[in-house]
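Report on the structure given below.
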Amino acid sequence: MAKIIDGKVVSQFVKDGVKKEVEALGKKGVSVGLAVIIVGSDPASRTYVNNKKKACAEAGIISEEYALPEETTMQELLSLIKELNQKKSVNGILCQLPLPKHLDEKLVIENIDPKKDVDAFHAVNTGHIMIGDYSFLPCTPAGIMEMLDYYNIETQGKNAVVIGRSNIVGKPMAMLLLQKNATVTVCHSKTENLGEITRRADILVAAVGKEKFVTGDMIKDGAVVIDVGINRNGEGKLCGDVDFEQAEKKASYITPVPGGVGPMTIATLLKNTVTAAKLQNAIE
Ligand code: GUN
């Protein structure tokens, strides 16, 4: 039976560290601020934004919410971003995705000052991640690396397989695992013989967005299984990409959904916001 990787415990550990750093900065007269932009009324986005604001408050980070109506124009959104780029008390800017269809997400990301891009979505920051020289960590992949580290899970020389090649998760995940000397394979919707590849994985990361996509027969005995999926099943219950009941019989470690990877992303966001404040105030 697999051991559970508890995202709530690890994220609390990270958040406690962030809180101490925020307090230490406060003693130097430096406050830490995050601007959160939400456009429209998507209920999932609203929940995420509320969770982010709550986590900021607990860590002593000052968050400002900019809730814009669904019909906001590109010009209005870009003008807000320009204002926040210049605002001294705002160290980090987060624009919650997805945006309503008429808005261009790529252009929005490009217009956030890379020094305030706490999501690490800007091409400047993704480029830094690619060359292994970065300030901002991609939130979900960095949270996963933090969990592996907390449970002393070795990555060096291991076969790591990532299912999914999104810019937010799959691609940066592959980069971080590579930096920790894993041998990385990235699979996606066009991959042939997926099971053959996943069965070689010592560390398997599923970021597909499909309920029960990873079944027990796709998992090597003793593998570490990381489930990034956030799906709703037929009964409206939150579930991951991995068939948990089957997987936990084979894995050595596994992340549950909810309570696994999810809580870690916010912890990284807080870390990035502190990093942004330090960079902008020239503090090591
Ligand atoms: N929507 C889903 N995940 C994220 C995230 O990590 N950052 C932002 N800005 N939007 C998201």
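In the structure tokens, each chain is lettered A, B, ... as it comes, each chain's residues begin at 1, and ligands are numbered from 1 in order of appearance.
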Can you tell me, as a count of residues only, what residues are no more than 10 Å from Glu196 in chain A when counting only C-alpha atoms, ignoring any on the same chain fewer than 3 positions away? 8
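Taking only C-alpha atoms and all ligand atoms into account, the residues that come within 7 Å of ligand 1 are Ser45, Leu94, Cys95, Gln96, Leu97, Pro98, Asp119, Cys139, Thr140 and Thr265 of chain A.
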Do a neighbour search on range 12-29 of chain A at 6 Å with only C-alpha atoms, toss out local chain neighbours closer than 3 positions, and write the hits as a PyMOL selection string. chain A and resi 9+59+267
Within 8 Å of Ile144 in chain A, counting only C-alpha atoms, which residues qualify if same-chain residues fewer than 2 places away don't, as a PDB file with C-alpha atoms, in the first residue's frame?
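Listed below is the output, result08.pdb:
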```pdb
ATOM      1  CA  THR A 140       2.498  23.681  -9.813  1.00  0.00           C
ATOM      2  CA  PRO A 141       5.778  21.996 -10.889  1.00  0.00           C
ATOM      3  CA  ALA A 142       7.739  23.736  -8.130  1.00  0.00           C
ATOM      4  CA  GLU A 146       8.922  20.611  -2.943  1.00  0.00           C
ATOM      5  CA  MET A 147       6.818  17.538  -2.084  1.00  0.00           C
ATOM      6  CA  LEU A 148       9.428  15.136  -3.493  1.00  0.00           C
ATOM      7  CA  ILE A 226       1.888  12.487  -8.669  1.00  0.00           C
ATOM      8  CA  VAL A 261      -0.689  18.886  -5.447  1.00  0.00           C
ATOM      9  CA  MET A 264       1.195  23.279  -3.042  1.00  0.00           C
TER      10      MET A 264
END
```
Can you tell me, as number ranges by chain, which residues in range 25-168 of chain A count as helix (DSSP H, G or I) by DSSP? A: 25-27, 43-59, 74-86, 105-111, 114-116, 123-130, 139-150
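Of note, CA of Asn167 in chain A and CA of Cys187 in chain A are spaced 13.7 Å apart.
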Using the chain letters and numbers from this document, which residues of range 3-83 of chain A does DSSP assign to strand (DSSP E), as an MDAnalysis selection string? chainID A and resid 3:4 33:39 62:68
Go ahead and write the residues just picked, N, CA and C atoms, as a PDB file, in the first residue's frame.
```pdb
ATOM      1  N   LYS A   3       2.333   5.051   0.459  1.00  0.00           N
ATOM      2  CA  LYS A   3       2.286   6.120   1.468  1.00  0.00           C
ATOM      3  C   LYS A   3       1.670   7.343   0.794  1.00  0.00           C
ATOM      4  N   ILE A   4       0.888   8.083   1.572  1.00  0.00           N
ATOM      5  CA  ILE A   4       0.233   9.275   1.027  1.00  0.00           C
ATOM      6  C   ILE A   4       1.174  10.483   1.152  1.00  0.00           C
ATOM      7  N   GLY A  33       3.357  42.779  -1.342  1.00  0.00           N
ATOM      8  CA  GLY A  33       2.007  42.963  -1.883  1.00  0.00           C
ATOM      9  C   GLY A  33       1.760  42.184  -3.160  1.00  0.00           C
ATOM     10  N   LEU A  34       0.559  41.619  -3.262  1.00  0.00           N
ATOM     11  CA  LEU A  34       0.161  40.880  -4.460  1.00  0.00           C
ATOM     12  C   LEU A  34      -1.148  41.438  -5.003  1.00  0.00           C
ATOM     13  N   ALA A  35      -1.186  41.729  -6.303  1.00  0.00           N
ATOM     14  CA  ALA A  35      -2.430  42.144  -6.955  1.00  0.00           C
ATOM     15  C   ALA A  35      -3.012  40.936  -7.673  1.00  0.00           C
ATOM     16  N   VAL A  36      -4.274  40.656  -7.410  1.00  0.00           N
ATOM     17  CA  VAL A  36      -4.940  39.528  -8.057  1.00  0.00           C
ATOM     18  C   VAL A  36      -6.055  40.070  -8.948  1.00  0.00           C
ATOM     19  N   ILE A  37      -5.965  39.731 -10.234  1.00  0.00           N
ATOM     20  CA  ILE A  37      -6.990  40.192 -11.181  1.00  0.00           C
ATOM     21  C   ILE A  37      -7.896  39.010 -11.535  1.00  0.00           C
ATOM     22  N   ILE A  38      -9.190  39.248 -11.460  1.00  0.00           N
ATOM     23  CA  ILE A  38     -10.143  38.218 -11.903  1.00  0.00           C
ATOM     24  C   ILE A  38     -11.160  38.883 -12.818  1.00  0.00           C
ATOM     25  N   VAL A  39     -11.369  38.291 -13.979  1.00  0.00           N
ATOM     26  CA  VAL A  39     -12.318  38.863 -14.942  1.00  0.00           C
ATOM     27  C   VAL A  39     -13.490  37.886 -15.102  1.00  0.00           C
ATOM     28  N   ILE A  62       0.066  41.458   1.685  1.00  0.00           N
ATOM     29  CA  ILE A  62      -1.102  42.312   1.449  1.00  0.00           C
ATOM     30  C   ILE A  62      -1.619  42.035   0.039  1.00  0.00           C
ATOM     31  N   SER A  63      -2.858  41.527  -0.052  1.00  0.00           N
ATOM     32  CA  SER A  63      -3.388  41.270  -1.396  1.00  0.00           C
ATOM     33  C   SER A  63      -4.449  42.300  -1.755  1.00  0.00           C
ATOM     34  N   GLU A  64      -4.438  42.687  -3.023  1.00  0.00           N
ATOM     35  CA  GLU A  64      -5.458  43.621  -3.548  1.00  0.00           C
ATOM     36  C   GLU A  64      -6.184  42.880  -4.648  1.00  0.00           C
ATOM     37  N   GLU A  65      -7.513  42.851  -4.561  1.00  0.00           N
ATOM     38  CA  GLU A  65      -8.259  42.168  -5.626  1.00  0.00           C
ATOM     39  C   GLU A  65      -8.806  43.179  -6.629  1.00  0.00           C
ATOM     40  N   TYR A  66      -8.660  42.862  -7.917  1.00  0.00           N
ATOM     41  CA  TYR A  66      -9.256  43.659  -8.976  1.00  0.00           C
ATOM     42  C   TYR A  66     -10.243  42.752  -9.702  1.00  0.00           C
ATOM     43  N   ALA A  67     -11.524  42.858  -9.324  1.00  0.00           N
ATOM     44  CA  ALA A  67     -12.562  42.018  -9.933  1.00  0.00           C
ATOM     45  C   ALA A  67     -13.224  42.818 -11.047  1.00  0.00           C
ATOM     46  N   LEU A  68     -13.000  42.385 -12.282  1.00  0.00           N
ATOM     47  CA  LEU A  68     -13.510  43.124 -13.440  1.00  0.00           C
ATOM     48  C   LEU A  68     -14.695  42.374 -14.058  1.00  0.00           C
TER      49      LEU A  68
END
```
Excluding Lys158 in chain A and its own-chain neighbours fewer than 5 positions away, which residues fall within 9 Å of it when counting only C-alpha atoms? Please give them as a PyMOL selection string. chain A and resi 181-184+201-203
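CA of Val162 in chain A sits 17.8 Å away from CA of Ile5 in chain A.
Shell of Ile109 in chain A at 10 Å, with only C-alpha atoms counted and residues fewer than 4 places along the chain excluded, is Leu78, Ile81, Ile93, Leu94, Cys95, Asp104, Glu105, Asp113, Pro114, Asp117, Asp119, Ala120, Phe121, His122 and Ala123 of chain A.
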For N, CA and C atoms, I'd like the residues from the last selection saved as a PDB file, in the first residue's frame.
```pdb
ATOM      1  N   LEU A  78      -5.402  45.808 -20.116  1.00  0.00           N
ATOM      2  CA  LEU A  78      -3.983  46.178 -20.299  1.00  0.00           C
ATOM      3  C   LEU A  78      -3.659  47.478 -19.572  1.00  0.00           C
ATOM      4  N   ILE A  81      -3.118  46.572 -15.981  1.00  0.00           N
ATOM      5  CA  ILE A  81      -1.820  45.906 -15.806  1.00  0.00           C
ATOM      6  C   ILE A  81      -0.684  46.933 -15.837  1.00  0.00           C
ATOM      7  N   ILE A  93       1.931  40.362  -9.647  1.00  0.00           N
ATOM      8  CA  ILE A  93       0.640  40.501 -10.345  1.00  0.00           C
ATOM      9  C   ILE A  93       0.210  39.116 -10.827  1.00  0.00           C
ATOM     10  N   LEU A  94      -0.998  38.751 -10.451  1.00  0.00           N
ATOM     11  CA  LEU A  94      -1.520  37.460 -10.900  1.00  0.00           C
ATOM     12  C   LEU A  94      -2.851  37.703 -11.594  1.00  0.00           C
ATOM     13  N   CYS A  95      -2.943  37.317 -12.852  1.00  0.00           N
ATOM     14  CA  CYS A  95      -4.207  37.425 -13.575  1.00  0.00           C
ATOM     15  C   CYS A  95      -4.771  36.016 -13.678  1.00  0.00           C
ATOM     16  N   ASP A 104      -7.282  38.128 -24.937  1.00  0.00           N
ATOM     17  CA  ASP A 104      -6.110  37.406 -25.435  1.00  0.00           C
ATOM     18  C   ASP A 104      -5.140  37.130 -24.277  1.00  0.00           C
ATOM     19  N   GLU A 105      -5.178  35.896 -23.776  1.00  0.00           N
ATOM     20  CA  GLU A 105      -4.369  35.550 -22.590  1.00  0.00           C
ATOM     21  C   GLU A 105      -2.881  35.780 -22.830  1.00  0.00           C
ATOM     22  N   ASP A 113       4.885  42.930 -16.141  1.00  0.00           N
ATOM     23  CA  ASP A 113       6.326  43.110 -15.954  1.00  0.00           C
ATOM     24  C   ASP A 113       6.927  41.776 -15.487  1.00  0.00           C
ATOM     25  N   PRO A 114       7.911  41.230 -16.209  1.00  0.00           N
ATOM     26  CA  PRO A 114       8.479  39.929 -15.806  1.00  0.00           C
ATOM     27  C   PRO A 114       8.960  39.904 -14.352  1.00  0.00           C
ATOM     28  N   ASP A 117       5.905  38.928 -12.363  1.00  0.00           N
ATOM     29  CA  ASP A 117       5.178  37.783 -12.917  1.00  0.00           C
ATOM     30  C   ASP A 117       5.302  36.564 -11.986  1.00  0.00           C
ATOM     31  N   ASP A 119       3.425  34.133 -11.445  1.00  0.00           N
ATOM     32  CA  ASP A 119       3.000  32.852 -12.011  1.00  0.00           C
ATOM     33  C   ASP A 119       4.140  32.209 -12.818  1.00  0.00           C
ATOM     34  N   ALA A 120       5.146  33.025 -13.157  1.00  0.00           N
ATOM     35  CA  ALA A 120       6.244  32.581 -14.036  1.00  0.00           C
ATOM     36  C   ALA A 120       5.723  32.120 -15.400  1.00  0.00           C
ATOM     37  N   PHE A 121       4.762  32.879 -15.945  1.00  0.00           N
ATOM     38  CA  PHE A 121       4.173  32.548 -17.246  1.00  0.00           C
ATOM     39  C   PHE A 121       4.814  33.338 -18.389  1.00  0.00           C
ATOM     40  N   HIS A 122       5.402  34.505 -18.090  1.00  0.00           N
ATOM     41  CA  HIS A 122       5.981  35.365 -19.126  1.00  0.00           C
ATOM     42  C   HIS A 122       7.134  34.643 -19.833  1.00  0.00           C
ATOM     43  N   ALA A 123       7.266  34.875 -21.140  1.00  0.00           N
ATOM     44  CA  ALA A 123       8.317  34.191 -21.917  1.00  0.00           C
ATOM     45  C   ALA A 123       9.715  34.432 -21.337  1.00  0.00           C
TER      46      ALA A 123
END
```
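For the choices A:Val124, A:Ala206, A:Ala251, A:Val186, the atom-to-atom distance to Gly229 in chain A is smallest for A:Ala206 when using only C-alpha atoms.
Take the candidates A:Lys210, A:Asp241, A:Glu235, A:Val228 and check each one against Pro263 in chain A using only C-alpha atoms; the shortest distance goes to A:Val228.
With only C-alpha atoms as the atoms that count, the residue of A:Leu107, A:Tyr253, A:Pro138, A:Gly260 with the shortest distance to Asn152 in chain A is A:Tyr253.
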Contact check, range 96-212 of chain A to range 269-276 of chain A, at most 8 Å, counting only C-alpha atoms, closest pairs as a tab-separated table:
```
residue	atom	partner	partner_atom	distance
A:Lys115	CA	A:Ala276	CA	6.5
A:Lys116	CA	A:Ala276	CA	6.1
A:Val118	CA	A:Asn272	CA	5.4
A:Asp119	CA	A:Leu269	CA	6.8
A:Ser135	CA	A:Thr275	CA	7.0
A:Phe136	CA	A:Asn272	CA	5.6
A:Leu137	CA	A:Asn272	CA	6.8
A:Cys139	CA	A:Leu269	CA	5.9
```
Compile the contact shell of Asn231 in chain A as a VMD selection string: residues with an atom at most 9 Å away, counting only C-alpha atoms, same-chain residues fewer than 2 positions apart removed. chain A and resid 209 to 211 229 233 236 to 241
Could the residues in this selection be saved with all heavy atoms as a compact mmCIF listing (two decimals), in the first residue's frame?
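Writing done, so here's part.txt:
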```txt
# COMPACT_ATOMS: atom_id res chain seq x y z
N GLY A 209 -5.97 16.02 -17.24
CA GLY A 209 -7.30 16.60 -17.14
C GLY A 209 -8.41 15.63 -17.51
O GLY A 209 -9.47 16.03 -17.98
N LYS A 210 -8.13 14.30 -17.29
CA LYS A 210 -9.18 13.29 -17.57
C LYS A 210 -9.26 12.32 -16.40
O LYS A 210 -8.24 11.70 -16.03
CB LYS A 210 -8.84 12.51 -18.84
CG LYS A 210 -9.05 13.30 -20.10
CD LYS A 210 -8.99 12.40 -21.33
CE LYS A 210 -9.00 13.24 -22.59
NZ LYS A 210 -7.95 12.92 -23.52
N GLU A 211 -10.46 12.18 -15.88
CA GLU A 211 -10.69 11.31 -14.72
C GLU A 211 -10.25 9.86 -15.02
O GLU A 211 -10.54 9.34 -16.10
CB GLU A 211 -12.20 11.36 -14.43
CG GLU A 211 -12.62 10.54 -13.25
CD GLU A 211 -14.14 10.32 -13.22
OE1 GLU A 211 -14.87 11.00 -13.97
OE2 GLU A 211 -14.57 9.45 -12.45
N GLY A 229 -4.27 16.28 -11.76
CA GLY A 229 -5.63 16.48 -12.27
C GLY A 229 -6.59 17.06 -11.25
O GLY A 229 -6.52 16.74 -10.07
N ASN A 233 -16.14 14.23 -11.15
CA ASN A 233 -16.72 12.99 -11.69
C ASN A 233 -18.23 13.15 -11.86
O ASN A 233 -18.78 14.23 -11.60
CB ASN A 233 -16.33 11.79 -10.81
CG ASN A 233 -17.01 11.82 -9.45
OD1 ASN A 233 -17.88 12.64 -9.21
ND2 ASN A 233 -16.60 10.92 -8.58
N GLY A 236 -20.12 14.89 -9.32
CA GLY A 236 -19.68 16.24 -8.98
C GLY A 236 -18.55 16.26 -7.96
O GLY A 236 -18.17 17.31 -7.45
N LYS A 237 -17.99 15.06 -7.67
CA LYS A 237 -16.92 14.97 -6.67
C LYS A 237 -15.57 15.26 -7.34
O LYS A 237 -15.34 14.85 -8.49
CB LYS A 237 -16.94 13.54 -6.09
CG LYS A 237 -16.35 13.45 -4.72
CD LYS A 237 -16.57 12.05 -4.13
CE LYS A 237 -15.34 11.62 -3.40
NZ LYS A 237 -14.70 10.42 -3.90
N LEU A 238 -14.70 15.97 -6.60
CA LEU A 238 -13.37 16.29 -7.12
C LEU A 238 -12.52 15.03 -7.24
O LEU A 238 -12.45 14.23 -6.30
CB LEU A 238 -12.71 17.26 -6.12
CG LEU A 238 -11.79 18.34 -6.67
CD1 LEU A 238 -12.49 19.18 -7.71
CD2 LEU A 238 -11.30 19.21 -5.52
N CYS A 239 -11.90 14.82 -8.39
CA CYS A 239 -11.02 13.65 -8.52
C CYS A 239 -9.89 13.98 -9.50
O CYS A 239 -9.97 14.93 -10.27
CB CYS A 239 -11.80 12.43 -8.99
SG CYS A 239 -12.60 12.67 -10.56
N GLY A 240 -8.83 13.17 -9.42
CA GLY A 240 -7.64 13.44 -10.21
C GLY A 240 -7.64 12.73 -11.56
O GLY A 240 -8.68 12.30 -12.05
N ASP A 241 -6.45 12.60 -12.14
CA ASP A 241 -6.26 11.90 -13.42
C ASP A 241 -5.95 10.42 -13.20
O ASP A 241 -5.88 9.65 -14.16
CB ASP A 241 -5.08 12.51 -14.19
CG ASP A 241 -5.37 13.92 -14.67
OD1 ASP A 241 -6.56 14.30 -14.71
OD2 ASP A 241 -4.40 14.62 -15.02
```
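In this comparison, which uses only C-alpha atoms, the residue of A:Ser31, A:Asn281, A:Thr215, A:Thr198 approaching Ser89 in chain A most closely is A:Ser31.
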